[in-house]
Protein chains: 4
Amino acid sequence: MLKGYTLPRSPLGFAAATPPPPWHYSSDVVGVDYWTDPAATAALLPPGLAPDPKTNGHAALLFLDWQFTAQNDELLDPARYQYREAFVLIDAVWGDTPVMFCPYIFVDNDAALARGWAQGFPKRIGSVFQTRSFAAPSAAAAPLAAGSRFAGSLSSHGVRLAEARVTLQQRETDVAKIFSRPTANLRYFPQLAAELQDKPAVNELVLSVTDDLKIVDLWTGSAEVRMPEVAGEELHALAPRRVGLGFRCSMAYSVTDLKTLERFV
Amino acid sequence: MLKGYTLPRSPLGFAAATPPPPWHYSSDVVGVDYWTDPAATAALLPPGLAPDPKTNGHAALLFLDWQFTAQNDELLDPARYQYREAFVLIDAVWGDTPVMFCPYIFVDNDAALARGWAQGFPKRIGSVFQTRSFAAPSAAAAPLAAGSRFAGSLSSHGVRLAEARVTLQQRETDVAKIFSRPTANLRYFPQLAAELQDKPAVNELVLSVTDDLKIVDLWTGSAEVRMPEVAGEELHALAPRRVGLGFRCSMAYSVTDLKTLERFV
Amino acid sequence: MLKGYTLPRSPLGFAAATPPPPWHYSSDVVGVDYWTDPAATAALLPPGLAPDPKTNGHAALLFLDWQFTAQNDELLDPARYQYREAFVLIDAVWGDTPVMFCPYIFVDNDAALARGWAQGFPKRIGSVFQTRSFAAPSAAAAPLAAGSRFAGSLSSHGVRLAEARVTLQQRETDVAKIFSRPTANLRYFPQLAAELQDKPAVNELVLSVTDDLKIVDLWTGSAEVRMPEVAGEELHALAPRRVGLGFRCSMAYSVTDLKTLERFV
Amino acid sequence: MLKGYTLPRSPLGFAAATPPPPWHYSSDVVGVDYWTDPAATAALLPPGLAPDPKTNGHAALLFLDWQFTAQNDELLDPARYQYREAFVLIDAVWGDTPVMFCPYIFVDNDAALARGWAQGFPKRIGSVFQTRSFAAPSAAAAPLAAGSRFAGSLSSHGVRLAEARVTLQQRETDVAKIFSRPTANLRYFPQLAAELQDKPAVNELVLSVTDDLKIVDLWTGSAEVRMPEVAGEELHALAPRRVGLGFRCSMAYSVTDLKTLERFV
């Protein structure tokens, strides 16, 4: 009897790219709230989503250092399960419901990629780094304090795709200033039989469900973003026209479920 | 209108983890034919496949350095598309048809991983190396000649999973001595909605279709294999009991299609 | 006029593998204090150092996540300068002075490797991970609290060289329980001219000088260590016979100097 | 008695970053001959070298896939010893002797970095890829034939530093058209004691000695090069003004010696 939430399936289920849910996460986040070309965000929305008439063009760029664990002490195998992630979210509506949609996301870990595909996060492998905050005082420590600066960078296949810098200004207790909409994703998995390559086996609009969401130590401040034009990539179509707040926080949640909004197959 | 054979889907289709088929491949291969515990191979077969009554326990371990291209000169972006791969194949039957099934496979590239999942190859990210044969004579050249030695190694997340060494003995013109069965795979993609996590969205037994298969410069010889026991992995259940021929060749084919044998959803 | 503290030297000095000192560091540390074969530690000491008659065989294994900066905001380029490190220290004496000597150390970053060679730390490139402590509460957070568990792992070239697990038991205010001796290193750089390959250009015993050392949030507890035997490596000769305290802390210091104890060329 | 050509030195000498010479190498090479700003090449020359009055500004960009072995079958441990390299050479003279000087070079392997530093090659860690030529015919094979195209790319720390594309036009039997001068390097190793940080311990101009040099299968053709401006790097100061021949060949040699031209300490 084969086990495994994803491939590869095996007698014990240890070989799978990711252990099964529930999945528990805790992270540090460096991010920037910004506005880009409304035509570029509209062009990225899948069936079922429409541009938000009030905020189309609004986006966020986030860098996250994640620790992950499932039911088997995965946090004690950081070489296999700890990871770094960068992604963009863009405003949209599903009917009357405001959401954010994730068009691009990169991680440095295949377990995270496999979970992402199951969730509809369109993960590719990238190289992601963020300035960290360390407890021991030093010019290298980046404490959580006004004036501290944090940077994030994303590369894939040796090409820099995005960079951000954030200078902390004040602690912010109202996390809704940054995180106020649910995340919509496209679950999508193709077929390969010759006549079916444009008829995906899975094509559904879903809503991410995050249990026990906790956002702590939120700071906001000023920010800069760079998304250089790169041949063969399209992230730069979402380059900022106007940058809003930068932010830095810690965030945790668990994933045990997902809500399907619409199925297209 | 979003384009992209896989996620992420984007206006131009460049952002996708892999370009759409046809996919063209050329490689160098270092491999070993061997016999393992028949219970271990039987335990890995998905629904639809049965142990081959004549050869159950027979397996092969292969290391491949791949060059890939689709329709857009991908071979000129080797940082994004060139890759290395290691996998195991085990004998099985589908009805009366002898096949080899791929239970475990690792690549060092996300484009290859994405294509693999579409094909039913259960790819995870690994670090794969093989001794190469260079044209300029040197103690470092490993020419295709009797006595030359080649090694392959596979690691994932910093842990060595398999090693092989092959000593060439003779050129072999009959490629059927090594490659004589089609490859069966399990296309499998899960759901995440809470009540459906054990009801995959895609679960089908397929047969790999390789157009224009070319195998050249085949040499065979003696071989050694090591598959050490590793916590949290299961590849070592396929460790050799008896090692057969080692081999080294170059192989090319194209992928434009796939044959579905049975659907389980 | 060429600039650069190390190679490559260039007109602006930006191309060098590392910026010049002062170097500022802040880190999180997961470590284990242990006892190994006294013959193995004695066999690793360079000229000028002798086994500590009271504590020979005493060693420590440390995993460190480091943030680095020099004078040019290097902490805002984490892709280039942030790094992870694992090393072993062994007890020794220099005359009557108790020291710890660093025989083996691995980092995942070439800037850190270059600084290490200048300091006499014998750095090679490795893949290093440690369980991190995150602020947002979750099963994945690993808070600094009794019962929390932390792991560290070191691999090089795809082979696991060392693993440790620490379970926190109590906060410890006396950092001298863990960090009580200065670190001695061997600065060593070879010649390549045929007749001089065994006559190093640089061969000197030095003492590491750490300014503004700060160790905070020190916790101690129980620990396990694994150093498997690996072909072509020698770290496993220092495998534990008896494990002492595990610990987890944050540490910062600056490097602006180094003390030469003895020159052998 | 400690052994090891470089750090770390150990009882058996296996732990060292590189085994001792003789070192044997075989490679595939994709390169471009070009002309850059003569002020930029002149500004990179160390003491002892002067701009070549006839060819100052002439340079070459090379990408090499290397296989390495020393005396212990290192070619059978490709995960540790096989590597990829990219570098630039610029014309200069040492007195009346025409040479090429290597100002910048990147490898993806620490054993190669350690050998490079001993030779005076100013190696940093990078991510290097080149299109390979495979024996099995396919759209992905890149045969050695007129019209075949090859690309090379160099990134470091996630930023693309250089790209080249070469289209083969004709086989070239006169290797002196490409490789006609010896390579001069700067062996350089700093001190860290506070008052000596600008007084290197090693600072000498050397000439690379390559035994048994073999260059085979040389093809030349047209070429393009891109060296984008990158913050914190200086390679782009050597961006092409005019591109000459592209080339592709295989090359082997051994290193057992090095010739010192001048010592500056």
# chains A, B, ... in the order shown; residues from 1 in each chain; ligands from 1
>>> select_by_dssp(residues="segment 90-232 of chain D", states="helix (DSSP H, G or I)", output="number ranges by chain")
D: 110-119, 175-177, 194-196
>>> residues_around(residues="segment 142-155 of chain C", least_positions_apart="6", cutoff="8 Å", atoms="only C-alpha atoms", output="VMD selection string")
(chain A and resid 75 to 79) or (chain B and resid 158 to 159) or (chain C and resid 30 63 86 106 126 to 135 161 to 170 219)
>>> write_last_selection(atoms="N, CA, C and O atoms", output="compact mmCIF listing (two decimals), in the first residue's frame")
# COMPACT_ATOMS: atom_id res chain seq x y z
N LEU A 75 11.01 20.37 11.74
CA LEU A 75 11.86 21.53 12.06
C LEU A 75 13.23 21.10 12.57
O LEU A 75 14.14 21.93 12.65
N LEU A 76 13.38 19.81 12.88
CA LEU A 76 14.69 19.30 13.28
C LEU A 76 15.48 18.76 12.09
O LEU A 76 16.56 18.18 12.26
N ASP A 77 14.96 18.92 10.89
CA ASP A 77 15.72 18.59 9.67
C ASP A 77 15.74 19.84 8.78
O ASP A 77 15.16 19.87 7.69
N PRO A 78 16.41 20.90 9.28
CA PRO A 78 16.33 22.18 8.55
C PRO A 78 16.94 22.11 7.16
O PRO A 78 16.54 22.87 6.27
N ALA A 79 17.88 21.21 6.92
CA ALA A 79 18.46 21.10 5.58
C ALA A 79 17.41 20.66 4.57
O ALA A 79 17.49 20.98 3.39
N GLY B 158 21.69 17.54 1.10
CA GLY B 158 22.96 17.37 1.81
C GLY B 158 23.27 15.97 2.27
O GLY B 158 24.21 15.77 3.04
N VAL B 159 22.49 15.00 1.84
CA VAL B 159 22.72 13.62 2.26
C VAL B 159 22.95 12.76 1.02
O VAL B 159 22.15 12.80 0.08
N VAL C 30 23.95 27.25 17.62
CA VAL C 30 23.52 25.98 18.22
C VAL C 30 24.78 25.14 18.37
O VAL C 30 25.51 24.95 17.38
N PHE C 63 27.19 25.29 15.22
CA PHE C 63 26.52 25.72 13.99
C PHE C 63 26.13 27.18 14.17
O PHE C 63 25.50 27.52 15.19
N ALA C 86 29.68 25.96 10.18
CA ALA C 86 29.77 24.89 11.19
C ALA C 86 31.24 24.63 11.44
O ALA C 86 32.03 24.60 10.50
N PHE C 106 33.44 24.93 8.04
CA PHE C 106 32.77 24.99 6.74
C PHE C 106 31.82 26.18 6.73
O PHE C 106 31.12 26.43 7.71
N GLY C 126 30.66 24.43 2.58
CA GLY C 126 29.73 23.39 2.99
C GLY C 126 28.32 23.90 2.94
O GLY C 126 28.06 25.06 2.61
N SER C 127 27.41 23.01 3.24
CA SER C 127 26.00 23.35 3.32
C SER C 127 25.60 23.18 4.78
O SER C 127 25.71 22.08 5.32
N VAL C 128 25.19 24.27 5.42
CA VAL C 128 24.98 24.28 6.86
C VAL C 128 23.59 24.80 7.16
O VAL C 128 23.16 25.81 6.58
N PHE C 129 22.90 24.14 8.06
CA PHE C 129 21.57 24.57 8.47
C PHE C 129 21.42 24.41 9.97
O PHE C 129 21.99 23.49 10.55
N GLN C 130 20.62 25.29 10.57
CA GLN C 130 20.24 25.11 11.96
C GLN C 130 18.78 25.47 12.12
O GLN C 130 18.24 26.34 11.42
N THR C 131 18.10 24.78 13.04
CA THR C 131 16.75 25.17 13.44
C THR C 131 16.81 26.60 13.99
O THR C 131 17.68 26.92 14.78
N ARG C 132 15.90 27.44 13.53
CA ARG C 132 15.87 28.82 13.98
C ARG C 132 14.74 29.04 14.98
O ARG C 132 13.79 28.28 15.04
N SER C 133 14.84 30.10 15.76
CA SER C 133 13.79 30.47 16.70
C SER C 133 13.06 31.67 16.12
O SER C 133 13.68 32.71 15.86
N PHE C 134 11.78 31.52 15.87
CA PHE C 134 10.98 32.60 15.29
C PHE C 134 10.03 33.20 16.33
O PHE C 134 9.59 32.51 17.24
N ALA C 135 9.72 34.47 16.14
CA ALA C 135 8.92 35.20 17.13
C ALA C 135 7.44 34.85 17.09
O ALA C 135 6.75 34.96 18.11
N LEU C 161 28.28 15.45 7.01
CA LEU C 161 29.48 15.29 7.85
C LEU C 161 29.17 15.32 9.34
O LEU C 161 29.87 14.70 10.13
N ALA C 162 28.16 16.08 9.73
CA ALA C 162 27.85 16.18 11.16
C ALA C 162 26.42 16.62 11.36
O ALA C 162 25.88 17.39 10.55
N GLU C 163 25.83 16.12 12.43
CA GLU C 163 24.50 16.53 12.85
C GLU C 163 24.48 16.66 14.36
O GLU C 163 25.13 15.88 15.06
N ALA C 164 23.73 17.61 14.86
CA ALA C 164 23.57 17.73 16.31
C ALA C 164 22.12 18.07 16.62
O ALA C 164 21.43 18.69 15.80
N ARG C 165 21.67 17.63 17.78
CA ARG C 165 20.35 18.03 18.29
C ARG C 165 20.52 18.48 19.74
O ARG C 165 21.20 17.82 20.52
N VAL C 166 19.88 19.58 20.07
CA VAL C 166 19.96 20.14 21.41
C VAL C 166 18.55 20.36 21.92
O VAL C 166 17.70 20.90 21.21
N THR C 167 18.29 19.94 23.16
CA THR C 167 17.02 20.25 23.83
C THR C 167 17.28 21.22 24.96
O THR C 167 18.04 20.92 25.88
N LEU C 168 16.69 22.40 24.87
CA LEU C 168 16.95 23.43 25.89
C LEU C 168 16.38 23.00 27.23
O LEU C 168 15.26 22.47 27.32
N GLN C 169 17.16 23.26 28.30
CA GLN C 169 16.66 22.97 29.65
C GLN C 169 16.59 24.23 30.51
O GLN C 169 15.60 24.49 31.14
N GLN C 170 17.67 25.03 30.52
CA GLN C 170 17.61 26.24 31.35
C GLN C 170 18.42 27.38 30.74
O GLN C 170 19.39 27.16 30.03
N TRP C 219 21.11 29.50 26.47
CA TRP C 219 20.39 28.39 27.08
C TRP C 219 21.26 27.15 26.96
O TRP C 219 21.98 26.98 25.97
>>> atom_distance(atom1="atom CA of His157 of chain B", atom2="atom CA of Ser250 of chain B")
28.0 Å
>>> closest_atom_pairs(of="chain D", to="chain C", cutoff="7 Å", atoms="only C-alpha atoms", output="JSON lines")
{"residue": "D:Leu2", "atom": "CA", "partner": "C:Leu44", "partner_atom": "CA", "distance": 6.8}
{"residue": "D:Tyr5", "atom": "CA", "partner": "C:Pro190", "partner_atom": "CA", "distance": 6.6}
{"residue": "D:Thr6", "atom": "CA", "partner": "C:Pro190", "partner_atom": "CA", "distance": 6.3}
{"residue": "D:Leu7", "atom": "CA", "partner": "C:Pro122", "partner_atom": "CA", "distance": 5.0}
{"residue": "D:Pro8", "atom": "CA", "partner": "C:Pro122", "partner_atom": "CA", "distance": 4.8}
{"residue": "D:Ser10", "atom": "CA", "partner": "C:Leu44", "partner_atom": "CA", "distance": 5.8}
{"residue": "D:Pro11", "atom": "CA", "partner": "C:Ala43", "partner_atom": "CA", "distance": 6.2}
{"residue": "D:Phe14", "atom": "CA", "partner": "C:Gly232", "partner_atom": "CA", "distance": 5.4}
{"residue": "D:Ala15", "atom": "CA", "partner": "C:Glu233", "partner_atom": "CA", "distance": 5.2}
{"residue": "D:Ala17", "atom": "CA", "partner": "C:Arg124", "partner_atom": "CA", "distance": 6.1}
{"residue": "D:Ala43", "atom": "CA", "partner": "C:Pro11", "partner_atom": "CA", "distance": 6.2}
{"residue": "D:Leu44", "atom": "CA", "partner": "C:Ser10", "partner_atom": "CA", "distance": 5.8}
{"residue": "D:Ala79", "atom": "CA", "partner": "C:His157", "partner_atom": "CA", "distance": 5.6}
{"residue": "D:Arg80", "atom": "CA", "partner": "C:His157", "partner_atom": "CA", "distance": 5.2}
{"residue": "D:Pro103", "atom": "CA", "partner": "C:Pro8", "partner_atom": "CA", "distance": 6.5}
{"residue": "D:Tyr104", "atom": "CA", "partner": "C:Pro8", "partner_atom": "CA", "distance": 6.3}
{"residue": "D:Asp110", "atom": "CA", "partner": "C:Ile125", "partner_atom": "CA", "distance": 5.9}
{"residue": "D:Ala118", "atom": "CA", "partner": "C:Leu192", "partner_atom": "CA", "distance": 6.3}
{"residue": "D:Gln119", "atom": "CA", "partner": "C:Leu192", "partner_atom": "CA", "distance": 6.7}
{"residue": "D:Pro122", "atom": "CA", "partner": "C:Pro8", "partner_atom": "CA", "distance": 4.8}
{"residue": "D:Arg124", "atom": "CA", "partner": "C:Ala17", "partner_atom": "CA", "distance": 6.1}
{"residue": "D:Ile125", "atom": "CA", "partner": "C:Asp110", "partner_atom": "CA", "distance": 5.9}
{"residue": "D:His157", "atom": "CA", "partner": "C:Arg80", "partner_atom": "CA", "distance": 5.2}
{"residue": "D:Gly158", "atom": "CA", "partner": "C:Ala79", "partner_atom": "CA", "distance": 7.0}
{"residue": "D:Tyr188", "atom": "CA", "partner": "C:Leu7", "partner_atom": "CA", "distance": 6.6}
{"residue": "D:Phe189", "atom": "CA", "partner": "C:Thr6", "partner_atom": "CA", "distance": 6.5}
{"residue": "D:Pro190", "atom": "CA", "partner": "C:Thr6", "partner_atom": "CA", "distance": 6.3}
{"residue": "D:Gln191", "atom": "CA", "partner": "C:Ala118", "partner_atom": "CA", "distance": 6.5}
{"residue": "D:Leu192", "atom": "CA", "partner": "C:Leu258", "partner_atom": "CA", "distance": 5.8}
{"residue": "D:Ala193", "atom": "CA", "partner": "C:Leu258", "partner_atom": "CA", "distance": 4.6}
{"residue": "D:Ala194", "atom": "CA", "partner": "C:Asp257", "partner_atom": "CA", "distance": 4.6}
{"residue": "D:Ala201", "atom": "CA", "partner": "C:Val202", "partner_atom": "CA", "distance": 7.0}
{"residue": "D:Val202", "atom": "CA", "partner": "C:Ala201", "partner_atom": "CA", "distance": 7.0}
{"residue": "D:Gly232", "atom": "CA", "partner": "C:Phe14", "partner_atom": "CA", "distance": 5.4}
{"residue": "D:Glu233", "atom": "CA", "partner": "C:Ala15", "partner_atom": "CA", "distance": 5.2}
{"residue": "D:Glu234", "atom": "CA", "partner": "C:Ala15", "partner_atom": "CA", "distance": 5.8}
{"residue": "D:Thr256", "atom": "CA", "partner": "C:Ala194", "partner_atom": "CA", "distance": 6.3}
{"residue": "D:Asp257", "atom": "CA", "partner": "C:Ala194", "partner_atom": "CA", "distance": 4.6}
{"residue": "D:Leu258", "atom": "CA", "partner": "C:Ala193", "partner_atom": "CA", "distance": 4.6}
{"residue": "D:Lys259", "atom": "CA", "partner": "C:Ala193", "partner_atom": "CA", "distance": 6.3}
>>> select_by_dssp(residues="segment 18-118 of chain B", states="strand (DSSP E or B)", output="PyMOL selection string")
chain B and resi 23-36+50+58-69+83-94+97-107
>>> atom_distance(atom1="atom CA of Ala50 of chain A", atom2="atom CA of Leu89 of chain A")
14.2 Å
>>> residues_around(residues="segment 95-97 of chain D", least_positions_apart="4", cutoff="10 Å", atoms="only C-alpha atoms", output="PyMOL selection string")
chain D and resi 48-50+52+181-182
>>> write_last_selection(atoms="C-alpha atoms", output="tab-separated table (two decimals), in the first residue's frame")
chain	number	residue	atom	x	y	z
D	48	GLY	CA	55.45	44.27	-12.84
D	49	LEU	CA	53.02	44.23	-15.74
D	50	ALA	CA	52.45	47.05	-18.23
D	52	ASP	CA	50.84	45.88	-24.13
D	181	ARG	CA	50.47	33.87	-24.75
D	182	PRO	CA	51.31	32.54	-21.31
>>> atom_distance(atom1="atom CA of Met100 of chain A", atom2="atom CA of Asp174 of chain A")
18.8 Å
>>> residues_around(residues="His24 of chain D", least_positions_apart="6", cutoff="9 Å", atoms="only C-alpha atoms", output="list in words")
Ser138, Ala139, Ala140 and Ala141 of chain B; Gln67, Phe68, Thr69, Ala70, Gln71, Ala252, Tyr253, Ser254, Val255 and Thr256 of chain D
>>> write_last_selection(atoms="C-alpha atoms", output="tab-separated table (two decimals), in the first residue's frame")
chain	number	residue	atom	x	y	z
B	138	SER	CA	44.66	13.81	-19.96
B	139	ALA	CA	44.64	11.76	-16.80
B	140	ALA	CA	41.42	13.70	-16.16
B	141	ALA	CA	39.75	12.94	-19.49
D	67	GLN	CA	37.20	17.64	-14.93
D	68	PHE	CA	40.02	17.47	-12.40
D	69	THR	CA	42.08	14.69	-10.96
D	70	ALA	CA	45.17	14.47	-8.82
D	71	GLN	CA	46.81	11.20	-7.64
D	252	ALA	CA	43.76	19.63	-21.22
D	253	TYR	CA	46.92	20.26	-19.22
D	254	SER	CA	48.68	19.42	-16.02
D	255	VAL	CA	50.04	21.72	-13.33
D	256	THR	CA	53.14	20.76	-11.41
>>> closest_residue(among="A:Val265, A:Ala239, A:Val107, A:Val29", to="Gln82 of chain A", atoms="only C-alpha atoms")
A:Val107
